[in-house]
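S.K.: Have a peek at upload_18.json (JSON, C-alpha atoms).
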```json
[["chain", "number", "residue", "atom", "x", "y", "z"],
["A", 1, "MET", "CA", 3.91, 5.25, -23.68],
["A", 2, "LEU", "CA", 1.69, 3.25, -21.38],
["A", 3, "PHE", "CA", 0.07, 6.22, -19.66],
["A", 4, "ARG", "CA", -0.80, 7.95, -22.91],
["A", 5, "SER", "CA", -2.76, 4.94, -24.14],
["A", 6, "PHE", "CA", -5.73, 5.79, -21.93],
["A", 7, "PRO", "CA", -7.20, 9.01, -20.52],
["A", 8, "TRP", "CA", -6.15, 10.06, -17.02],
["A", 9, "GLN", "CA", -9.53, 9.06, -15.56],
["A", 10, "VAL", "CA", -8.80, 5.41, -16.34],
["A", 11, "HIS", "CA", -5.61, 5.59, -14.26],
["A", 12, "LEU", "CA", -7.26, 7.44, -11.37],
["A", 13, "ILE", "CA", -9.56, 4.63, -10.19],
["A", 14, "PRO", "CA", -6.85, 1.94, -9.71],
["A", 15, "PHE", "CA", -4.69, 4.51, -7.93],
["A", 16, "LEU", "CA", -7.52, 5.42, -5.55],
["A", 17, "TYR", "CA", -8.18, 1.74, -4.85],
["A", 18, "TYR", "CA", -4.47, 1.26, -4.09],
["A", 19, "VAL", "CA", -4.49, 4.17, -1.62],
["A", 20, "LEU", "CA", -7.73, 3.02, 0.01],
["A", 21, "TYR", "CA", -6.73, -0.59, 0.46],
["A", 22, "THR", "CA", -3.22, 0.29, 1.61],
["A", 23, "PHE", "CA", -4.74, 2.49, 4.31],
["A", 24, "LEU", "CA", -7.28, -0.16, 5.32],
["A", 25, "ILE", "CA", -4.65, -2.90, 5.54],
["A", 26, "TYR", "CA", -2.46, -0.61, 7.65],
["A", 27, "GLN", "CA", -5.35, 0.11, 10.02],
["A", 28, "LEU", "CA", -6.19, -3.61, 10.21],
["A", 29, "ILE", "CA", -2.62, -4.49, 11.17],
["A", 30, "LEU", "CA", -2.58, -1.78, 13.85],
["A", 31, "GLU", "CA", -5.88, -3.10, 15.23],
["A", 32, "ILE", "CA", -4.82, -6.76, 15.24],
["A", 33, "ALA", "CA", -1.52, -5.92, 16.92],
["A", 34, "GLY", "CA", -3.24, -3.70, 19.49],
["A", 35, "ALA", "CA", -0.82, -0.91, 18.66],
["A", 36, "TYR", "CA", -3.16, 2.08, 18.94],
["A", 37, "LYS", "CA", -2.56, 2.77, 22.61],
["A", 38, "ASP", "CA", 1.05, 1.60, 22.92],
["A", 39, "PRO", "CA", 3.45, 4.01, 21.15],
["A", 40, "GLN", "CA", 6.39, 1.59, 21.27],
["A", 41, "ARG", "CA", 4.35, -1.27, 19.80],
["A", 42, "LYS", "CA", 2.95, 1.09, 17.16],
["A", 43, "LYS", "CA", 6.48, 2.04, 16.11],
["A", 44, "VAL", "CA", 7.44, -1.64, 15.75],
["A", 45, "VAL", "CA", 4.27, -2.46, 13.81],
["A", 46, "GLU", "CA", 4.78, 0.53, 11.50],
["A", 47, "GLY", "CA", 8.34, -0.59, 10.79],
["A", 48, "PHE", "CA", 7.16, -4.12, 10.10],
["A", 49, "TYR", "CA", 4.44, -2.81, 7.79],
["A", 50, "VAL", "CA", 6.84, -0.62, 5.81],
["A", 51, "VAL", "CA", 9.42, -3.39, 5.37],
["A", 52, "THR", "CA", 6.80, -5.99, 4.46],
["A", 53, "SER", "CA", 5.09, -3.65, 1.98],
["A", 54, "PHE", "CA", 8.41, -2.84, 0.35],
["A", 55, "LEU", "CA", 9.29, -6.52, -0.01],
["A", 56, "VAL", "CA", 5.88, -7.46, -1.41],
["A", 57, "TYR", "CA", 5.80, -4.64, -3.95],
["A", 58, "SER", "CA", 9.43, -5.26, -4.92],
["A", 59, "ALA", "CA", 8.65, -8.93, -5.51],
["A", 60, "ILE", "CA", 5.63, -8.03, -7.65],
["A", 61, "PHE", "CA", 7.73, -5.59, -9.66],
["A", 62, "LEU", "CA", 10.55, -8.07, -10.17],
["A", 63, "LEU", "CA", 8.20, -10.90, -11.12],
["A", 64, "LYS", "CA", 6.62, -8.72, -13.78],
["A", 65, "LYS", "CA", 10.07, -8.03, -15.23],
["A", 66, "ILE", "CA", 10.76, -11.73, -15.75]]
```
Step by step, read the file and then write its structure as structure tokens.

M.R.:
Amino acid sequence: MLFRSFPWQVHLIPFLYYVLYTFLIYQLILEIAGAYKDPQRKKVVEGFYVVTSFLVYSAIFLLKKI
């Protein structure tokens, strides 16, 4: 198995980077859109972020399968 090839510490760092950068990109998009103070705009931006993230990560996954 892939995960048994390396100790768990080796998998922890990339996971933490993923969480950190996902959070930072989300905060950047909220800031650029000015969605902090407008709840309706924040809801739209969050929906856009979720859909876009899903499409990007799905495309990466599918491209690796080819």

S.K.: Which neighbours of Val45 in chain A fall inside 12 Å, counting all atoms listed in the file, when residues of the same chain fewer than 5 positions from it are skipped, and could you give them as a PyMOL selection string?

M.R.: chain A and resi 26-36+38-40+50-53

S.K.: Tell me, in Å to one decimal, how far CA of Leu12 in chain A is from CA of Gly47 in chain A.

M.R.: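 Computing it gives 28.3 Å between the two atoms.
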
S.K.: Quote the spacing between CA of Phe54 in chain A and CA of Thr22 in chain A in Å to one decimal place.

M.R.: 12.1 Å

S.K.: Rounded to one decimal in Å, what is the spacing between CA of Phe23 in chain A and CA of Glu46 in chain A?

M.R.: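 Answer for the CA of Phe23 in chain A to CA of Glu46 in chain A separation: 12.1 Å.
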
S.K.: Please return the centre and edge lengths, in Å to one decimal, of a box with edges along x, y and z that contains all listed atoms of range 25-33 of chain A, widened by 5 Å on every side, as lines of an AutoDock Vina configuration file.

M.R.:
```
center_x = -3.9
center_y = -3.3
center_z = 11.2
size_x = 14.7
size_y = 16.9
size_z = 21.4
```
